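Student: Sharing target.tsv below, TSV, N, CA and C atoms:
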chain	number	residue	atom	x	y	z
A	1	MET	N	5.80	17.54	4.69
A	1	MET	CA	6.43	17.68	3.40
A	1	MET	C	5.36	17.60	2.32
A	2	LYS	N	5.59	18.35	1.27
A	2	LYS	CA	4.65	18.31	0.15
A	2	LYS	C	5.21	17.45	-0.98
A	3	TYR	N	4.31	16.65	-1.51
A	3	TYR	CA	4.61	15.80	-2.66
A	3	TYR	C	3.49	15.96	-3.66
A	4	VAL	N	3.76	15.55	-4.88
A	4	VAL	CA	2.72	15.44	-5.89
A	4	VAL	C	2.67	13.98	-6.30
A	5	LEU	N	1.46	13.43	-6.33
A	5	LEU	CA	1.25	12.10	-6.88
A	5	LEU	C	0.79	12.28	-8.32
A	6	LEU	N	1.55	11.76	-9.25
A	6	LEU	CA	1.18	11.80	-10.67
A	6	LEU	C	0.56	10.46	-11.01
A	7	PHE	N	-0.68	10.47	-11.46
A	7	PHE	CA	-1.39	9.25	-11.79
A	7	PHE	C	-1.18	8.94	-13.26
A	8	CYS	N	-0.48	7.86	-13.53
A	8	CYS	CA	-0.06	7.52	-14.89
A	8	CYS	C	-0.57	6.14	-15.27
A	9	GLY	N	-0.50	5.86	-16.53
A	9	GLY	CA	-0.84	4.55	-17.06
A	9	GLY	C	-0.26	4.42	-18.45
A	10	THR	N	-0.49	3.30	-19.05
A	10	THR	CA	0.00	3.08	-20.41
A	10	THR	C	-1.01	3.61	-21.41
A	11	ARG	N	-0.60	3.75	-22.63
A	11	ARG	CA	-1.53	4.16	-23.69
A	11	ARG	C	-2.66	3.13	-23.84
A	12	GLU	N	-2.33	1.86	-23.64
A	12	GLU	CA	-3.36	0.82	-23.72
A	12	GLU	C	-4.40	1.01	-22.61
A	13	GLN	N	-3.94	1.34	-21.40
A	13	GLN	CA	-4.86	1.60	-20.30
A	13	GLN	C	-5.72	2.83	-20.58
A	14	GLN	N	-5.12	3.84	-21.19
A	14	GLN	CA	-5.88	5.05	-21.56
A	14	GLN	C	-6.97	4.70	-22.56
A	15	GLN	N	-6.62	3.88	-23.55
A	15	GLN	CA	-7.61	3.47	-24.56
A	15	GLN	C	-8.71	2.63	-23.92
A	16	ALA	N	-8.33	1.73	-23.02
A	16	ALA	CA	-9.33	0.90	-22.33
A	16	ALA	C	-10.29	1.79	-21.52
A	17	TRP	N	-9.75	2.85	-20.90
A	17	TRP	CA	-10.59	3.79	-20.15
A	17	TRP	C	-11.59	4.47	-21.08
A	18	GLU	N	-11.11	4.92	-22.23
A	18	GLU	CA	-11.97	5.60	-23.18
A	18	GLU	C	-13.03	4.66	-23.76
A	19	ASP	N	-12.70	3.36	-23.89
A	19	ASP	CA	-13.63	2.38	-24.43
A	19	ASP	C	-14.58	1.80	-23.39
A	20	MET	N	-14.33	2.09	-22.12
A	20	MET	CA	-15.10	1.53	-21.02
A	20	MET	C	-16.55	2.02	-21.07
A	21	SER	N	-17.46	1.17	-20.65
A	21	SER	CA	-18.87	1.58	-20.59
A	21	SER	C	-19.03	2.68	-19.54
A	22	GLU	N	-20.07	3.46	-19.70
A	22	GLU	CA	-20.32	4.53	-18.73
A	22	GLU	C	-20.52	3.96	-17.33
A	23	GLU	N	-21.18	2.83	-17.24
A	23	GLU	CA	-21.42	2.20	-15.94
A	23	GLU	C	-20.10	1.79	-15.28
A	24	ALA	N	-19.21	1.17	-16.03
A	24	ALA	CA	-17.91	0.76	-15.49
A	24	ALA	C	-17.07	1.97	-15.11
A	25	ARG	N	-17.10	3.00	-15.94
A	25	ARG	CA	-16.35	4.21	-15.65
A	25	ARG	C	-16.88	4.87	-14.37
A	26	ASN	N	-18.20	4.91	-14.21
A	26	ASN	CA	-18.79	5.50	-13.00
A	26	ASN	C	-18.41	4.71	-11.75
A	27	ALA	N	-18.32	3.39	-11.87
A	27	ALA	CA	-17.90	2.57	-10.74
A	27	ALA	C	-16.45	2.89	-10.35
A	28	GLN	N	-15.60	3.08	-11.36
A	28	GLN	CA	-14.20	3.44	-11.09
A	28	GLN	C	-14.12	4.82	-10.45
A	29	TYR	N	-14.90	5.77	-10.96
A	29	TYR	CA	-14.94	7.11	-10.36
A	29	TYR	C	-15.40	7.04	-8.90
A	30	ALA	N	-16.33	6.16	-8.59
A	30	ALA	CA	-16.82	6.02	-7.22
A	30	ALA	C	-15.70	5.55	-6.29
A	31	GLN	N	-14.90	4.57	-6.74
A	31	GLN	CA	-13.77	4.09	-5.94
A	31	GLN	C	-12.76	5.22	-5.71
A	32	VAL	N	-12.45	5.94	-6.76
A	32	VAL	CA	-11.50	7.04	-6.65
A	32	VAL	C	-12.06	8.13	-5.74
A	33	GLY	N	-13.35	8.42	-5.86
A	33	GLY	CA	-13.99	9.42	-4.99
A	33	GLY	C	-13.89	9.04	-3.53
A	34	ARG	N	-14.06	7.75	-3.22
A	34	ARG	CA	-13.92	7.29	-1.83
A	34	ARG	C	-12.49	7.50	-1.35
A	35	TRP	N	-11.51	7.21	-2.21
A	35	TRP	CA	-10.10	7.41	-1.84
A	35	TRP	C	-9.84	8.87	-1.51
A	36	PHE	N	-10.36	9.78	-2.33
A	36	PHE	CA	-10.18	11.21	-2.07
A	36	PHE	C	-10.87	11.60	-0.76
A	37	GLU	N	-12.04	11.08	-0.51
A	37	GLU	CA	-12.76	11.39	0.73
A	37	GLU	C	-12.01	10.87	1.96
A	38	GLU	N	-11.53	9.63	1.89
A	38	GLU	CA	-10.81	9.04	3.01
A	38	GLU	C	-9.51	9.77	3.33
A	39	ASN	N	-8.89	10.38	2.34
A	39	ASN	CA	-7.58	11.02	2.52
A	39	ASN	C	-7.65	12.54	2.44
A	40	ARG	N	-8.85	13.10	2.51
A	40	ARG	CA	-9.08	14.53	2.31
A	40	ARG	C	-8.15	15.43	3.14
A	41	ALA	N	-7.88	15.06	4.39
A	41	ALA	CA	-7.07	15.91	5.27
A	41	ALA	C	-5.64	16.10	4.77
A	42	LYS	N	-5.16	15.17	3.95
A	42	LYS	CA	-3.77	15.22	3.47
A	42	LYS	C	-3.67	15.76	2.04
A	43	LEU	N	-4.81	15.95	1.40
A	43	LEU	CA	-4.80	16.28	-0.02
A	43	LEU	C	-4.98	17.77	-0.26
A	44	GLY	N	-4.31	18.24	-1.29
A	44	GLY	CA	-4.47	19.61	-1.75
A	44	GLY	C	-5.13	19.62	-3.11
A	45	SER	N	-4.68	20.50	-3.94
A	45	SER	CA	-5.21	20.67	-5.28
A	45	SER	C	-5.03	19.40	-6.11
A	46	SER	N	-6.06	19.08	-6.90
A	46	SER	CA	-5.96	17.92	-7.79
A	46	SER	C	-6.77	18.18	-9.04
A	47	LYS	N	-6.38	17.54	-10.11
A	47	LYS	CA	-7.10	17.66	-11.38
A	47	LYS	C	-6.92	16.38	-12.18
A	48	GLN	N	-7.97	16.02	-12.91
A	48	GLN	CA	-7.86	14.98	-13.92
A	48	GLN	C	-7.53	15.71	-15.23
A	49	LEU	N	-6.66	15.13	-16.01
A	49	LEU	CA	-6.24	15.77	-17.25
A	49	LEU	C	-7.04	15.23	-18.44
A	50	GLN	N	-7.16	16.03	-19.48
A	50	GLN	CA	-7.77	15.59	-20.73
A	50	GLN	C	-6.86	14.53	-21.35
A	51	PRO	N	-7.36	13.71	-22.28
A	51	PRO	CA	-6.55	12.66	-22.90
A	51	PRO	C	-5.31	13.21	-23.62
A	52	PRO	N	-4.30	12.38	-23.80
A	52	PRO	CA	-3.04	12.82	-24.40
A	52	PRO	C	-3.19	13.48	-25.77
A	53	HIS	N	-4.15	13.07	-26.58
A	53	HIS	CA	-4.27	13.64	-27.92
A	53	HIS	C	-4.66	15.13	-27.88
A	54	THR	N	-5.04	15.65	-26.72
A	54	THR	CA	-5.40	17.07	-26.61
A	54	THR	C	-4.19	17.94	-26.26
A	55	ALA	N	-3.06	17.32	-26.00
A	55	ALA	CA	-1.87	18.06	-25.55
A	55	ALA	C	-1.19	18.82	-26.68
A	56	THR	N	-0.56	19.90	-26.31
A	56	THR	CA	0.34	20.65	-27.19
A	56	THR	C	1.64	20.82	-26.40
A	57	THR	N	2.77	20.60	-27.06
A	57	THR	CA	4.06	20.60	-26.38
A	57	THR	C	5.00	21.62	-27.01
A	58	VAL	N	5.73	22.33	-26.16
A	58	VAL	CA	6.79	23.23	-26.62
A	58	VAL	C	8.11	22.55	-26.28
A	59	ARG	N	8.91	22.29	-27.30
A	59	ARG	CA	10.25	21.71	-27.12
A	59	ARG	C	11.28	22.76	-27.52
A	60	PHE	N	12.38	22.78	-26.81
A	60	PHE	CA	13.42	23.74	-27.12
A	60	PHE	C	14.59	23.05	-27.79
A	61	GLN	N	15.02	23.60	-28.91
A	61	GLN	CA	16.17	23.08	-29.64
A	61	GLN	C	17.44	23.46	-28.89
A	62	ALA	N	18.57	22.90	-29.33
A	62	ALA	CA	19.86	23.19	-28.70
A	62	ALA	C	20.18	24.68	-28.71
A	63	ASN	N	19.71	25.39	-29.76
A	63	ASN	CA	19.98	26.82	-29.85
A	63	ASN	C	18.99	27.66	-29.03
A	64	GLY	N	18.07	26.99	-28.32
A	64	GLY	CA	17.11	27.69	-27.48
A	64	GLY	C	15.82	28.07	-28.18
A	65	GLU	N	15.74	27.80	-29.48
A	65	GLU	CA	14.55	28.13	-30.26
A	65	GLU	C	13.40	27.17	-29.92
A	66	PRO	N	12.23	27.70	-29.57
A	66	PRO	CA	11.11	26.82	-29.25
A	66	PRO	C	10.40	26.32	-30.50
A	67	ILE	N	9.94	25.08	-30.45
A	67	ILE	CA	9.14	24.48	-31.52
A	67	ILE	C	7.88	23.92	-30.86
A	68	VAL	N	6.73	24.21	-31.45
A	68	VAL	CA	5.46	23.74	-30.92
A	68	VAL	C	5.03	22.49	-31.68
A	69	HIS	N	4.63	21.45	-30.92
A	69	HIS	CA	4.18	20.18	-31.49
A	69	HIS	C	2.79	19.85	-30.94
A	70	ASP	N	1.97	19.24	-31.76
A	70	ASP	CA	0.73	18.67	-31.25
A	70	ASP	C	1.07	17.36	-30.56
A	71	GLY	N	0.41	17.09	-29.47
A	71	GLY	CA	0.59	15.82	-28.77
A	71	GLY	C	1.34	15.97	-27.47
A	72	PRO	N	1.41	14.88	-26.70
A	72	PRO	CA	2.04	14.91	-25.38
A	72	PRO	C	3.55	14.96	-25.47
A	73	PHE	N	4.19	15.40	-24.37
A	73	PHE	CA	5.64	15.53	-24.37
A	73	PHE	C	6.34	14.22	-24.05
A	74	ILE	N	5.64	13.27	-23.45
A	74	ILE	CA	6.27	12.01	-23.09
A	74	ILE	C	6.40	11.15	-24.34
A	75	GLU	N	7.62	10.77	-24.65
A	75	GLU	CA	7.86	9.92	-25.81
A	75	GLU	C	7.97	8.48	-25.32
A	76	GLY	N	6.89	7.90	-25.06
A	76	GLY	CA	6.90	6.54	-24.56
A	76	GLY	C	5.48	6.01	-24.54
A	77	ASN	N	5.31	4.97	-23.80
A	77	ASN	CA	4.03	4.31	-23.74
A	77	ASN	C	3.18	4.79	-22.57
A	78	GLU	N	3.72	5.66	-21.71
A	78	GLU	CA	2.98	6.09	-20.53
A	78	GLU	C	2.37	7.46	-20.72
A	79	VAL	N	1.22	7.67	-20.07
A	79	VAL	CA	0.53	8.95	-20.11
A	79	VAL	C	0.19	9.37	-18.69
A	80	ILE	N	0.17	10.67	-18.45
A	80	ILE	CA	-0.22	11.20	-17.15
A	80	ILE	C	-1.69	11.54	-17.22
A	81	GLY	N	-2.47	10.97	-16.31
A	81	GLY	CA	-3.92	11.18	-16.32
A	81	GLY	C	-4.39	12.24	-15.36
A	82	GLY	N	-3.59	12.54	-14.34
A	82	GLY	CA	-3.98	13.54	-13.37
A	82	GLY	C	-2.95	13.62	-12.25
A	83	TYR	N	-3.24	14.44	-11.25
A	83	TYR	CA	-2.31	14.63	-10.16
A	83	TYR	C	-3.06	15.11	-8.92
A	84	VAL	N	-2.41	14.99	-7.79
A	84	VAL	CA	-2.89	15.58	-6.55
A	84	VAL	C	-1.68	15.99	-5.73
A	85	GLU	N	-1.75	17.15	-5.11
A	85	GLU	CA	-0.71	17.59	-4.18
A	85	GLU	C	-1.09	17.06	-2.81
A	86	ILE	N	-0.11	16.51	-2.11
A	86	ILE	CA	-0.37	15.98	-0.78
A	86	ILE	C	0.57	16.65	0.22
A	87	ASN	N	0.14	16.72	1.47
A	87	ASN	CA	0.94	17.28	2.55
A	87	ASN	C	1.01	16.21	3.63
A	88	VAL	N	2.16	15.55	3.72
A	88	VAL	CA	2.34	14.43	4.63
A	88	VAL	C	3.64	14.60	5.41
A	89	ALA	N	3.84	13.74	6.41
A	89	ALA	CA	5.02	13.85	7.28
A	89	ALA	C	6.32	13.53	6.55
A	90	ASP	N	6.28	12.52	5.67
A	90	ASP	CA	7.53	12.08	5.04
A	90	ASP	C	7.22	11.21	3.81
A	91	LEU	N	8.28	10.74	3.17
A	91	LEU	CA	8.13	9.91	1.98
A	91	LEU	C	7.37	8.62	2.28
A	92	ASP	N	7.61	8.04	3.45
A	92	ASP	CA	6.91	6.79	3.79
A	92	ASP	C	5.40	6.99	3.76
A	93	GLU	N	4.92	8.09	4.32
A	93	GLU	CA	3.49	8.36	4.31
A	93	GLU	C	2.99	8.63	2.90
A	94	ALA	N	3.80	9.32	2.09
A	94	ALA	CA	3.43	9.56	0.69
A	94	ALA	C	3.31	8.24	-0.07
A	95	LEU	N	4.22	7.33	0.20
A	95	LEU	CA	4.17	6.02	-0.46
A	95	LEU	C	2.97	5.19	-0.01
A	96	ARG	N	2.59	5.31	1.27
A	96	ARG	CA	1.39	4.60	1.73
A	96	ARG	C	0.16	5.09	0.97
A	97	LEU	N	0.07	6.41	0.76
A	97	LEU	CA	-1.05	6.95	-0.01
A	97	LEU	C	-1.01	6.44	-1.45
A	98	ALA	N	0.16	6.49	-2.06
A	98	ALA	CA	0.29	6.05	-3.45
A	98	ALA	C	-0.08	4.58	-3.59
A	99	LYS	N	0.32	3.75	-2.64
A	99	LYS	CA	0.01	2.32	-2.71
A	99	LYS	C	-1.47	2.04	-2.54
A	100	SER	N	-2.21	2.97	-1.96
A	100	SER	CA	-3.64	2.76	-1.75
A	100	SER	C	-4.49	3.30	-2.90
A	101	TRP	N	-3.88	3.86	-3.94
A	101	TRP	CA	-4.60	4.44	-5.07
A	101	TRP	C	-5.45	3.36	-5.73
A	102	PRO	N	-6.78	3.51	-5.75
A	102	PRO	CA	-7.65	2.43	-6.23
A	102	PRO	C	-7.67	2.23	-7.74
A	103	ALA	N	-7.26	3.22	-8.52
A	103	ALA	CA	-7.31	3.08	-9.97
A	103	ALA	C	-6.14	2.28	-10.53
A	104	ARG	N	-5.19	1.96	-9.67
A	104	ARG	CA	-4.00	1.18	-10.04
A	104	ARG	C	-3.17	1.93	-11.07
A	105	GLY	N	-2.69	1.27	-12.10
A	105	GLY	CA	-1.81	1.95	-13.06
A	105	GLY	C	-0.47	2.21	-12.42
A	106	ILE	N	0.03	3.41	-12.59
A	106	ILE	CA	1.33	3.83	-12.08
A	106	ILE	C	1.11	5.13	-11.30
A	107	VAL	N	1.72	5.23	-10.13
A	107	VAL	CA	1.67	6.47	-9.36
A	107	VAL	C	3.10	6.93	-9.11
A	108	GLU	N	3.48	8.04	-9.70
A	108	GLU	CA	4.80	8.61	-9.46
A	108	GLU	C	4.69	9.56	-8.28
A	109	VAL	N	5.60	9.43	-7.32
A	109	VAL	CA	5.63	10.27	-6.13
A	109	VAL	C	6.82	11.21	-6.28
A	110	ARG	N	6.54	12.51	-6.28
A	110	ARG	CA	7.62	13.47	-6.49
A	110	ARG	C	7.53	14.59	-5.47
A	111	PRO	N	8.64	14.89	-4.75
A	111	PRO	CA	8.62	15.98	-3.79
A	111	PRO	C	8.45	17.33	-4.49
A	112	VAL	N	7.79	18.24	-3.82
A	112	VAL	CA	7.61	19.60	-4.32
A	112	VAL	C	8.77	20.44	-3.79
A	113	MET	N	9.37	21.25	-4.64
A	113	MET	CA	10.47	22.10	-4.20
A	113	MET	C	9.93	23.23	-3.35
A	114	GLY	N	10.63	23.48	-2.25
A	114	GLY	CA	10.29	24.62	-1.41
A	114	GLY	C	10.95	25.88	-1.91
A	115	VAL	N	10.54	26.99	-1.35
A	115	VAL	CA	11.09	28.29	-1.76
A	115	VAL	C	12.60	28.36	-1.52
A	116	ASP	N	13.08	27.69	-0.48
A	116	ASP	CA	14.50	27.76	-0.12
A	116	ASP	C	15.39	26.77	-0.88
A	117	GLN	N	14.81	26.02	-1.83
A	117	GLN	CA	15.61	25.01	-2.54
A	117	GLN	C	16.12	25.53	-3.85
As structure tokens - that is how I would like this structure written.
Tutor:
Amino acid sequence: MKYVLLFCGTREQQQAWEDMSEEARNAQYAQVGRWFEENRAKLGSSKQLQPPHTATTVRFQANGEPIVHDGPFIEGNEVIGGYVEINVADLDEALRLAKSWPARGIVEVRPVMGVDQ
């Protein structure tokens, strides 16, 4: 089964990341790199996203008219930092991967829709 792991955190965690020293950030990247290497056989496409302030959002009004806004679409304290597509046997295996994510924060596990769904 295919799932996507969405790597999320709070705005405070995002700010702490941006304020982190280069040395500390590189150490965190090294941990994450090891996680990707250890799980390579189950992982597909992945990307780290630019910070939330770089986002542009299209919202649709009740009449269907689109409105473009600067900023992220999530109206809350959480931000999505990146994602990876995984191919695993079942939800239990997806959750084991999510629980092993070294950067901590929040990991949302979401199934990918198949063509027949």
Student: As a ChimeraX atom specification, please: the residues near range 95-111 of chain A (cut-off 6.5 Å, all atoms listed in the file, same-chain neighbours under 6 positions excluded).
Tutor: /A:2-10,31-32,35
Student: Kindly export the residues of the current selection with N, CA and C atoms, as a tab-separated table (two decimals), in the coordinates of the input.
Tutor:
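Resulting contents of out.tsv:
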chain	number	residue	atom	x	y	z
A	2	LYS	N	5.59	18.35	1.27
A	2	LYS	CA	4.65	18.31	0.15
A	2	LYS	C	5.21	17.45	-0.98
A	3	TYR	N	4.31	16.65	-1.51
A	3	TYR	CA	4.61	15.80	-2.66
A	3	TYR	C	3.49	15.96	-3.66
A	4	VAL	N	3.76	15.55	-4.88
A	4	VAL	CA	2.72	15.44	-5.89
A	4	VAL	C	2.67	13.98	-6.30
A	5	LEU	N	1.46	13.43	-6.33
A	5	LEU	CA	1.25	12.10	-6.88
A	5	LEU	C	0.79	12.28	-8.32
A	6	LEU	N	1.55	11.76	-9.25
A	6	LEU	CA	1.18	11.80	-10.67
A	6	LEU	C	0.56	10.46	-11.01
A	7	PHE	N	-0.68	10.47	-11.46
A	7	PHE	CA	-1.39	9.25	-11.79
A	7	PHE	C	-1.18	8.94	-13.26
A	8	CYS	N	-0.48	7.86	-13.53
A	8	CYS	CA	-0.06	7.52	-14.89
A	8	CYS	C	-0.57	6.14	-15.27
A	9	GLY	N	-0.50	5.86	-16.53
A	9	GLY	CA	-0.84	4.55	-17.06
A	9	GLY	C	-0.26	4.42	-18.45
A	10	THR	N	-0.49	3.30	-19.05
A	10	THR	CA	0.00	3.08	-20.41
A	10	THR	C	-1.01	3.61	-21.41
A	31	GLN	N	-14.90	4.57	-6.74
A	31	GLN	CA	-13.77	4.09	-5.94
A	31	GLN	C	-12.76	5.22	-5.71
A	32	VAL	N	-12.45	5.94	-6.76
A	32	VAL	CA	-11.50	7.04	-6.65
A	32	VAL	C	-12.06	8.13	-5.74
A	35	TRP	N	-11.51	7.21	-2.21
A	35	TRP	CA	-10.10	7.41	-1.84
A	35	TRP	C	-9.84	8.87	-1.51
Student: Is it possible to get the residues within 12 Å of (-8.3, 3.9, -21.6) (coordinates as in the file, counting only C-alpha atoms) written as a list of chain:residue names?
Tutor: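 Applying the cut-off with only C-alpha atoms, one gets A:Cys8, A:Gly9, A:Thr10, A:Arg11, A:Glu12, A:Gln13, A:Gln14, A:Gln15, A:Ala16, A:Trp17, A:Glu18, A:Asp19, A:Met20, A:Ser21, A:Ala24, A:Arg25, A:Gln50, A:Pro51, A:Pro52, A:Glu78, A:Val79, A:Ile80, A:Gly81, A:Ala103, A:Gly105.
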Student: As a ChimeraX atom specification, please: all residues of range 11-114 of chain A that backbone DSSP puts in alpha helix (DSSP H).
Tutor: /A:11-19,22-38,91-99
Student: With distances taken over all atoms listed in the file, which of A:Glu37, A:Glu23, A:His53, A:Lys42 is nearest to Ile86 in chain A?
Tutor: A:Lys42
Student: One number please: CA of Thr54 in chain A to CA of Asn77 in chain A, in Å, one decimal.
Tutor: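 For CA of Thr54 in chain A relative to CA of Asn77 in chain A, the distance reads 16.1 Å.
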Student: Which of these, A:Asn63, A:Val84, A:Leu49, A:Ala55, has the shortest distance to Phe36 in chain A once you count only C-alpha atoms?
Tutor: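 Smallest distance to Phe36 in chain A is found for A:Val84.
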Student: How many Å lie between CA of Ala94 in chain A and atom N of Gln28 in chain A, rounded to one decimal?
Tutor: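 Taking CA of Ala94 in chain A and atom N of Gln28 in chain A, their separation equals 23.4 Å.
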Student: Just how far from atom N of Asn87 in chain A is CA of Glu38 in chain A, in Å to one decimal?
Tutor: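 Interatomic distance, CA of Glu38 in chain A to atom N of Asn87 in chain A: 13.5 Å.
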Student: Name the residues of chain A that come out as strand (DSSP E or B) in a backbone DSSP run; write them as an MDAnalysis selection string.
Tutor: chainID A and resid 2:10 43:48 56:60 66:70 78:87 106:111
